[in-house]
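Okay, so here's the structure we're looking at.
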Amino acid sequence: MKNKILYILLSVVLLAAWQYFGSTSQTVRLLLSSPSLVADYFGQNHTALLQATQTTLIEAVAGLLIATVFSFGVVILCFYFPKLMDFVLPIMITSQVIPLIVLAPFFIILLGIGLGSKIAMAALMCFFPIFVNFAQGYKAISPNMHELMHIYNADTWTRIKQVYFPLAMPSIMAGLKISATLAVIGAIVAEFNGAEIGLGKNLFLAAKRLEPDLMMSSLLLSTLLGAAFFGTIYFIEKKIINWQ
Amino acid sequence: MFLYCKNIHFSYSKEKSVLRDISFSLEKGQTLAIVGASGCGKSTLLRILSGILSNANGNTLQGEITIDGLTPDQYRQTGKLAFMFQEATLMPHLTVKQNIELPLKIKGNVNEQKTSNLIKAVGLEEYSSYLPKQLSGGMKTRVALARSFSTNPELLLLDEPFSALDIAWKSKLYVELEKLKEQHNTTVVIVTHDVQEALLLADKIFVLGKGGIRLYDKKVAEEYSIMKRLNDISSFNHTTPFQALYSTIQKLILVDGSRGITNQIEANAVFTTIQSVAGNAYMEFWDGMEKDINSIRGYSDNLEVNELLFTSFEKAKTVYFKYNLVWDILEYRNISENRISLVKEFYLDNLKTNSEVSLSEFYRIKSDGIFEHLVKNKIENNQFPETKRWIYLCDMYASSETDKVLQYLEDVVNGKVEQLNYPLAKEVAQQVTAKIKNEKQDTLHIA
């Protein structure tokens, strides 16, 4: 409780400082705008801003869902063919040396300027944390659990359903939490490289046109989007994993 | 015969044999207890019976095992087998009820009545909707026990399931186990290091050692039914059959087993202590030797001889410390043979990297496999190089202070030198005395 009050106080102080310097200093206003100006801007352009947010949200959600389904699929495939995991995991880890954002232009060329390239980028950014966390969660399951399933003659699907998924769930959720924010980053980065609409495009334009009001409102909306993603996964985690 | 095992040999790799020549049999409805020190292969045997361990993955399994006429893996597939681990191994996300009915769910044969009967049998009616995290250790074990019986198993394998519980919980669970066992006419194989537990629950018992079965009692206190034993544990503990078997088995485990040294860290700890004891005990002697060796440097005009003498001393000291003295102490202070061989194994491995002594020498000694006899034989034949060095060095010492050395050696032989009061030291001292008296040399001959 004490910490919460401190956080609120800190936020109020920062906002006040931003407002003060934004009103009194031309430089600060040019670079960071001010809370009141951002609020005004949002009031005047809320339709366009919310449309951009919605687009980025769709891209990020779609990317996260695709990455989740795909990584679950690969891991499940590995359960059926255990040697595949030993083969796939090093490839996955090695692939992470590629700074994924450099692939954004590639996706634009490949999939065009529409949603497809943004979703692909978001999905790519999300895939690895989910996959690796799931794989690690599986590997952390006690050997006795595996032996128990072996003794009860459980088939692979039963094992996945009864043991692997539930017991790896804390790790899966950890991966999803990381990916939730990465999905938003992926979508925005892809939008930087060319988009019709989106928060990434807004940020790109704001930087080019020196529009601090647009930049700060888009930035705040991006932050809210990331926080909402993270919060949703956190909420789901608390609901699902009540046994820890 | 329901369960039949003949000449079971098992190793995880070609080098390390875990089980040797294990043979036993069990009638339907009987309980077999397997006891032994940690690391003797009890759990491995249980995993072989369950079909978890087989000839796959580089393991080697030899011998004949049949369970109701089937191989362990075939038997497992019939669904008539259950296994209880040392840990309860409950699914943390499932309630007590869900955990108990899990095996039935896997079989696609959920039976509400059966599940509730089992919950009742283990006295957990009030806790059926609880998650494992809300249960005590004893309760978790009860859930695991109930789960084991959910499939009406004909064979139940128990791997030290009660080891983490106090005696009050254990007593309750023994009775619950026995009741469920009688109810389902289940054959039980229980692995435990608790001799009392084994004697309370078993119709047959064997003690497993590193060399195989050390004792096999096929009629454990047969005049007392298991339920009778459990109904009055303290009285049973005072009966002659219990007392006799208890002390015999305890002794076997203590003497034969590797109890106390179950891993390399522990072996290293033991060695550090022994080294320290050995070091303190012998340092005094060797320090004296070193001083005199140093003082007689120059005894010979031949620098090469002096250098050889000094090198020889250093090497002898290292070898003696790291190798013979430690061994001597272990050998002659009534430490069990298995313990010695374990420690030696670890120690020799350690020496391979640290010792000044040539690797080939160690490998040779180790590969002989008769390390225990080697030193004695070598001494008898006057071939043991370190003894020869010692004799030689004493001889050097004697060349200047013969009487003093002879007196010292006589004291060693008579057990008056506390640090050297053990058979090998006396034997060596006798040889040195003889050498000094009979072969007193005027010139140096470095071996």
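Following the order of the structure tokens, first chain is A, next is B, and so on, with residues numbered from 1 inside each chain and ligands from 1 in the order they appear.
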Residues of chain B within 7 Å of chain A, using only C-alpha atoms, as a ChimeraX atom specification? /B:52,76-77,79,82,89,92-93,103,106,131,133
For Leu199 in chain A, find every residue with an atom within 6 Å (counting only C-alpha atoms), except residues of its own chain fewer than 3 positions away, and show them as an MDAnalysis selection string. chainID A and resid 52:53 202 218
Requested write-out: C-alpha atoms of the selected residues, as a short mmCIF file (atom, residue, chain, number, x, y, z; two decimals), in the first residue's frame:
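Once written, out-v8.cif looks like this:
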```
data_model
loop_
_atom_site.label_atom_id
_atom_site.label_comp_id
_atom_site.auth_asym_id
_atom_site.auth_seq_id
_atom_site.Cartn_x
_atom_site.Cartn_y
_atom_site.Cartn_z
CA ALA A 52 -4.21 3.31 -35.39
CA THR A 53 -4.22 1.67 -31.96
CA ASN A 202 2.29 7.57 -36.29
CA SER A 218 1.11 7.44 -29.90
#
```
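Residue nearest Asp159 in chain B, chosen from B:Met227, B:Leu3, B:Leu46, B:Ala244 and counting only C-alpha atoms: B:Leu46.
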For range 103-107 of chain A, find every residue with an atom within 12 Å (counting only C-alpha atoms), except residues of its own chain fewer than 2 positions away, and show them as a ChimeraX atom specification. /A:98-101,109-125,185-195
Limited to N, CA and C atoms, could you put the picked residues into a file as an mmCIF file, in the first residue's frame?
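Printed below is again_16.cif as written:
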```cif
data_model
loop_
_atom_site.group_PDB
_atom_site.id
_atom_site.type_symbol
_atom_site.label_atom_id
_atom_site.label_comp_id
_atom_site.auth_asym_id
_atom_site.auth_seq_id
_atom_site.Cartn_x
_atom_site.Cartn_y
_atom_site.Cartn_z
ATOM 1 N N ILE A 98 20.092 -13.671 -35.010
ATOM 2 C CA ILE A 98 19.607 -12.718 -36.030
ATOM 3 C C ILE A 98 18.808 -11.637 -35.303
ATOM 4 N N PRO A 99 19.214 -10.363 -35.438
ATOM 5 C CA PRO A 99 18.367 -9.312 -34.855
ATOM 6 C C PRO A 99 17.078 -9.253 -35.672
ATOM 7 N N LEU A 100 16.000 -9.741 -35.079
ATOM 8 C CA LEU A 100 14.785 -10.011 -35.852
ATOM 9 C C LEU A 100 14.207 -8.779 -36.548
ATOM 10 N N ILE A 101 14.451 -7.600 -35.946
ATOM 11 C CA ILE A 101 13.832 -6.417 -36.568
ATOM 12 C C ILE A 101 14.385 -6.126 -37.965
ATOM 13 N N ILE A 109 8.464 -6.553 -48.241
ATOM 14 C CA ILE A 109 8.636 -6.951 -49.647
ATOM 15 C C ILE A 109 7.839 -8.216 -49.925
ATOM 16 N N LEU A 110 7.918 -9.144 -48.980
ATOM 17 C CA LEU A 110 7.302 -10.458 -49.182
ATOM 18 C C LEU A 110 5.776 -10.399 -49.097
ATOM 19 N N LEU A 111 5.275 -9.685 -48.100
ATOM 20 C CA LEU A 111 3.831 -9.751 -47.836
ATOM 21 C C LEU A 111 3.087 -8.438 -48.101
ATOM 22 N N GLY A 112 3.802 -7.427 -48.535
ATOM 23 C CA GLY A 112 3.146 -6.160 -48.853
ATOM 24 C C GLY A 112 3.032 -5.254 -47.642
ATOM 25 N N ILE A 113 2.417 -4.110 -47.869
ATOM 26 C CA ILE A 113 2.388 -3.063 -46.848
ATOM 27 C C ILE A 113 1.233 -3.248 -45.847
ATOM 28 N N GLY A 114 0.352 -4.193 -46.129
ATOM 29 C CA GLY A 114 -0.834 -4.406 -45.290
ATOM 30 C C GLY A 114 -0.547 -5.128 -43.981
ATOM 31 N N LEU A 115 -1.605 -5.696 -43.406
ATOM 32 C CA LEU A 115 -1.498 -6.339 -42.093
ATOM 33 C C LEU A 115 -0.552 -7.539 -42.073
ATOM 34 N N GLY A 116 -0.522 -8.258 -43.191
ATOM 35 C CA GLY A 116 0.238 -9.514 -43.254
ATOM 36 C C GLY A 116 1.672 -9.380 -42.776
ATOM 37 N N SER A 117 2.375 -8.377 -43.299
ATOM 38 C CA SER A 117 3.794 -8.230 -42.943
ATOM 39 C C SER A 117 3.951 -7.884 -41.463
ATOM 40 N N LYS A 118 3.009 -7.110 -40.899
ATOM 41 C CA LYS A 118 3.098 -6.715 -39.478
ATOM 42 C C LYS A 118 2.834 -7.926 -38.576
ATOM 43 N N ILE A 119 1.835 -8.687 -38.989
ATOM 44 C CA ILE A 119 1.503 -9.888 -38.200
ATOM 45 C C ILE A 119 2.669 -10.875 -38.235
ATOM 46 N N ALA A 120 3.264 -11.014 -39.413
ATOM 47 C CA ALA A 120 4.398 -11.944 -39.544
ATOM 48 C C ALA A 120 5.543 -11.512 -38.636
ATOM 49 N N MET A 121 5.790 -10.210 -38.618
ATOM 50 C CA MET A 121 6.883 -9.687 -37.788
ATOM 51 C C MET A 121 6.594 -9.926 -36.293
ATOM 52 N N ALA A 122 5.357 -9.608 -35.902
ATOM 53 C CA ALA A 122 4.983 -9.800 -34.489
ATOM 54 C C ALA A 122 5.073 -11.277 -34.120
ATOM 55 N N ALA A 123 4.611 -12.129 -35.016
ATOM 56 C CA ALA A 123 4.628 -13.578 -34.746
ATOM 57 C C ALA A 123 6.061 -14.078 -34.599
ATOM 58 N N LEU A 124 6.915 -13.597 -35.469
ATOM 59 C CA LEU A 124 8.316 -14.029 -35.425
ATOM 60 C C LEU A 124 8.980 -13.631 -34.099
ATOM 61 N N MET A 125 8.679 -12.418 -33.658
ATOM 62 C CA MET A 125 9.271 -11.951 -32.395
ATOM 63 C C MET A 125 8.754 -12.770 -31.201
ATOM 64 N N ILE A 185 5.868 -4.685 -29.820
ATOM 65 C CA ILE A 185 7.115 -4.146 -30.398
ATOM 66 C C ILE A 185 7.242 -4.574 -31.856
ATOM 67 N N GLY A 186 6.995 -5.872 -32.105
ATOM 68 C CA GLY A 186 7.111 -6.410 -33.462
ATOM 69 C C GLY A 186 6.200 -5.682 -34.428
ATOM 70 N N ALA A 187 4.954 -5.471 -34.015
ATOM 71 C CA ALA A 187 3.980 -4.806 -34.895
ATOM 72 C C ALA A 187 4.418 -3.363 -35.178
ATOM 73 N N ILE A 188 4.852 -2.666 -34.128
ATOM 74 C CA ILE A 188 5.252 -1.257 -34.293
ATOM 75 C C ILE A 188 6.494 -1.136 -35.177
ATOM 76 N N VAL A 189 7.466 -2.008 -34.930
ATOM 77 C CA VAL A 189 8.702 -1.976 -35.733
ATOM 78 C C VAL A 189 8.377 -2.231 -37.200
ATOM 79 N N ALA A 190 7.471 -3.178 -37.439
ATOM 80 C CA ALA A 190 7.091 -3.468 -38.826
ATOM 81 C C ALA A 190 6.405 -2.254 -39.451
ATOM 82 N N GLU A 191 5.620 -1.550 -38.633
ATOM 83 C CA GLU A 191 4.924 -0.363 -39.151
ATOM 84 C C GLU A 191 5.900 0.772 -39.489
ATOM 85 N N PHE A 192 6.986 0.844 -38.740
ATOM 86 C CA PHE A 192 8.016 1.854 -39.050
ATOM 87 C C PHE A 192 8.450 1.747 -40.510
ATOM 88 N N ASN A 193 8.506 0.500 -40.977
ATOM 89 C CA ASN A 193 9.067 0.246 -42.297
ATOM 90 C C ASN A 193 8.069 0.436 -43.435
ATOM 91 N N GLY A 194 6.899 0.820 -43.092
ATOM 92 C CA GLY A 194 5.902 1.057 -44.134
ATOM 93 C C GLY A 194 4.565 0.501 -43.726
ATOM 94 N N ALA A 195 3.582 1.405 -43.534
ATOM 95 C CA ALA A 195 2.248 0.948 -43.171
ATOM 96 C C ALA A 195 1.246 2.013 -43.578
#
```
Looking at B:Gly415, B:Gly29, B:Gly209, B:Gly123, which one is nearest to Glu182 in chain B, with distances taken over only C-alpha atoms?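 Looking only at the distances to Glu182 in chain B, the closest residue turns out to be B:Gly29.
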What's around Thr156 in chain A at 8 Å? Count only C-alpha atoms, leave out sequence neighbours fewer than 3 positions away in its own chain, and write the answer as an NGL selection string. :A and (79-80 or 159-160)
Serialized selection, C-alpha atoms, as a PDB file, in the first residue's frame:
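Done, and the output landed in selection_33.pdb:
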```pdb
ATOM      1  CA  PHE A  79       6.599 -34.773 -27.853  1.00  0.00           C
ATOM      2  CA  TYR A  80       5.623 -37.291 -30.498  1.00  0.00           C
ATOM      3  CA  ARG A 159       0.587 -37.230 -21.349  1.00  0.00           C
ATOM      4  CA  ILE A 160       0.455 -33.872 -23.109  1.00  0.00           C
TER       5      ILE A 160
END
```
As an NGL selection string, please: the residues near Thr27 in chain A (cut-off 12 Å, only C-alpha atoms, same-chain neighbours under 6 positions excluded). :A and (21 or 33-34 or 210 or 212)
Taking N, CA and C atoms for each residue, export the selection above as a PDB file, in the first residue's frame.
```pdb
ATOM      1  N   PHE A  21       7.570  22.139 -17.394  1.00  0.00           N
ATOM      2  CA  PHE A  21       8.645  22.406 -18.362  1.00  0.00           C
ATOM      3  C   PHE A  21       8.102  22.491 -19.783  1.00  0.00           C
ATOM      4  N   SER A  33       6.396  17.837 -25.937  1.00  0.00           N
ATOM      5  CA  SER A  33       5.061  18.432 -25.773  1.00  0.00           C
ATOM      6  C   SER A  33       4.760  18.609 -24.280  1.00  0.00           C
ATOM      7  N   SER A  34       3.478  18.607 -23.918  1.00  0.00           N
ATOM      8  CA  SER A  34       3.129  18.670 -22.496  1.00  0.00           C
ATOM      9  C   SER A  34       1.838  17.886 -22.300  1.00  0.00           C
ATOM     10  N   LEU A 210       8.322  16.338 -36.916  1.00  0.00           N
ATOM     11  CA  LEU A 210       8.521  17.018 -35.625  1.00  0.00           C
ATOM     12  C   LEU A 210       7.173  17.387 -34.995  1.00  0.00           C
ATOM     13  N   PRO A 212       5.472  16.642 -31.787  1.00  0.00           N
ATOM     14  CA  PRO A 212       5.591  16.005 -30.476  1.00  0.00           C
ATOM     15  C   PRO A 212       4.248  15.560 -29.897  1.00  0.00           C
TER      16      PRO A 212
END
```
Rounded to one decimal place, report the CA of Ala37 in chain B-CA of Gln196 in chain B distance in Å. 14.0 Å
To one decimal place in Å, what is the distance between CA of Ser43 in chain B and CA of Phe10 in chain B? 12.2 Å
Name the residues in contact with Ile167 in chain B at a cut-off of 12 Å, using only C-alpha atoms, excluding same-chain residues fewer than 5 positions from it; report them as a VMD selection string. chain B and resid 138 162 172 to 174 194 196 to 197 233 to 234
Counting only C-alpha atoms, what is within 12 Å of Lys238 in chain A, bar same-chain residues fewer than 6 positions away, as number ranges by chain? A: 169-170, 173-174, 231-232, 244
Store the residues picked out above, limited to N, CA and C atoms, as a PDB file, in the first residue's frame.
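The file below, selection_1.pdb, is the result:
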```pdb
ATOM      1  N   MET A 169       2.857 -25.248 -17.617  1.00  0.00           N
ATOM      2  CA  MET A 169       2.080 -24.017 -17.748  1.00  0.00           C
ATOM      3  C   MET A 169       2.773 -22.784 -17.126  1.00  0.00           C
ATOM      4  N   PRO A 170       3.386 -22.889 -15.941  1.00  0.00           N
ATOM      5  CA  PRO A 170       4.067 -21.701 -15.410  1.00  0.00           C
ATOM      6  C   PRO A 170       5.141 -21.180 -16.370  1.00  0.00           C
ATOM      7  N   MET A 173       3.423 -19.618 -19.436  1.00  0.00           N
ATOM      8  CA  MET A 173       2.897 -18.282 -19.142  1.00  0.00           C
ATOM      9  C   MET A 173       4.032 -17.250 -19.061  1.00  0.00           C
ATOM     10  N   ALA A 174       5.175 -17.677 -18.531  1.00  0.00           N
ATOM     11  CA  ALA A 174       6.329 -16.771 -18.478  1.00  0.00           C
ATOM     12  C   ALA A 174       6.727 -16.377 -19.898  1.00  0.00           C
ATOM     13  N   GLY A 231      -0.886  -7.373 -18.904  1.00  0.00           N
ATOM     14  CA  GLY A 231      -1.878  -7.534 -17.836  1.00  0.00           C
ATOM     15  C   GLY A 231      -2.848  -8.662 -18.129  1.00  0.00           C
ATOM     16  N   THR A 232      -3.237  -8.767 -19.402  1.00  0.00           N
ATOM     17  CA  THR A 232      -4.179  -9.836 -19.773  1.00  0.00           C
ATOM     18  C   THR A 232      -3.553 -11.216 -19.525  1.00  0.00           C
ATOM     19  N   GLN A 244       0.053 -23.398  -7.632  1.00  0.00           N
ATOM     20  CA  GLN A 244       1.456 -23.230  -7.241  1.00  0.00           C
ATOM     21  C   GLN A 244       1.565 -22.710  -5.819  1.00  0.00           C
TER      22      GLN A 244
END
```
Output as a compact mmCIF listing (two decimals) with C-alpha atoms, in the first residue's frame all residues of range 96-176 of chain A that backbone DSSP marks as helix (DSSP H, G or I).
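File written: selection-v8.txt
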```
# COMPACT_ATOMS: atom_id res chain seq x y z
CA LEU A 100 14.79 -10.01 -35.85
CA ILE A 101 13.83 -6.42 -36.57
CA VAL A 102 16.11 -6.41 -39.62
CA LEU A 103 13.62 -8.82 -41.16
CA ALA A 104 10.86 -6.17 -41.15
CA PRO A 105 11.76 -4.80 -44.64
CA PHE A 106 11.95 -8.36 -45.89
CA PHE A 107 8.36 -9.01 -44.73
CA ILE A 108 7.19 -5.79 -46.34
CA ILE A 109 8.64 -6.95 -49.65
CA LEU A 110 7.30 -10.46 -49.18
CA LEU A 111 3.83 -9.75 -47.84
CA LEU A 115 -1.50 -6.34 -42.09
CA GLY A 116 0.24 -9.51 -43.25
CA SER A 117 3.79 -8.23 -42.94
CA LYS A 118 3.10 -6.71 -39.48
CA ILE A 119 1.50 -9.89 -38.20
CA ALA A 120 4.40 -11.94 -39.54
CA MET A 121 6.88 -9.69 -37.79
CA ALA A 122 4.98 -9.80 -34.49
CA ALA A 123 4.63 -13.58 -34.75
CA LEU A 124 8.32 -14.03 -35.42
CA MET A 125 9.27 -11.95 -32.40
CA CYS A 126 6.87 -13.91 -30.18
CA PHE A 127 7.64 -17.40 -31.33
CA PHE A 128 10.99 -17.99 -29.66
CA PRO A 129 10.17 -17.08 -26.03
CA ILE A 130 7.02 -19.21 -26.09
CA PHE A 131 8.77 -22.16 -27.68
CA VAL A 132 11.82 -22.10 -25.44
CA ASN A 133 9.83 -21.59 -22.24
CA PHE A 134 7.49 -24.42 -23.12
CA ALA A 135 10.43 -26.68 -23.93
CA GLN A 136 12.16 -25.74 -20.67
CA GLY A 137 8.96 -26.25 -18.70
CA TYR A 138 8.69 -29.70 -20.19
CA LYS A 139 12.28 -30.53 -19.41
CA PRO A 143 11.39 -37.87 -14.16
CA ASN A 144 9.01 -39.61 -11.75
CA MET A 145 6.07 -37.98 -13.52
CA HIS A 146 7.27 -39.41 -16.82
CA GLU A 147 7.80 -42.80 -15.22
CA LEU A 148 4.34 -42.69 -13.69
CA MET A 149 2.80 -42.04 -17.08
CA HIS A 150 4.90 -44.83 -18.54
CA ILE A 151 3.66 -47.25 -15.89
CA THR A 156 1.39 -39.27 -25.87
CA TRP A 157 -1.74 -37.16 -26.18
CA THR A 158 -2.85 -38.11 -22.66
CA ARG A 159 0.59 -37.23 -21.35
CA ILE A 160 0.46 -33.87 -23.11
CA LYS A 161 -3.02 -33.17 -21.79
CA GLN A 162 -2.61 -34.45 -18.25
CA VAL A 163 1.02 -33.73 -17.49
CA TYR A 164 3.11 -31.82 -19.97
CA PHE A 165 0.77 -28.90 -20.58
CA PRO A 166 -0.39 -28.39 -17.00
CA LEU A 167 3.03 -28.80 -15.43
CA ALA A 168 4.78 -26.69 -18.04
CA MET A 169 2.08 -24.02 -17.75
CA PRO A 170 4.07 -21.70 -15.41
CA SER A 171 6.90 -21.67 -17.94
CA ILE A 172 4.50 -21.26 -20.84
CA MET A 173 2.90 -18.28 -19.14
CA ALA A 174 6.33 -16.77 -18.48
CA GLY A 175 7.07 -17.10 -22.19
CA LEU A 176 3.70 -15.60 -23.09
```
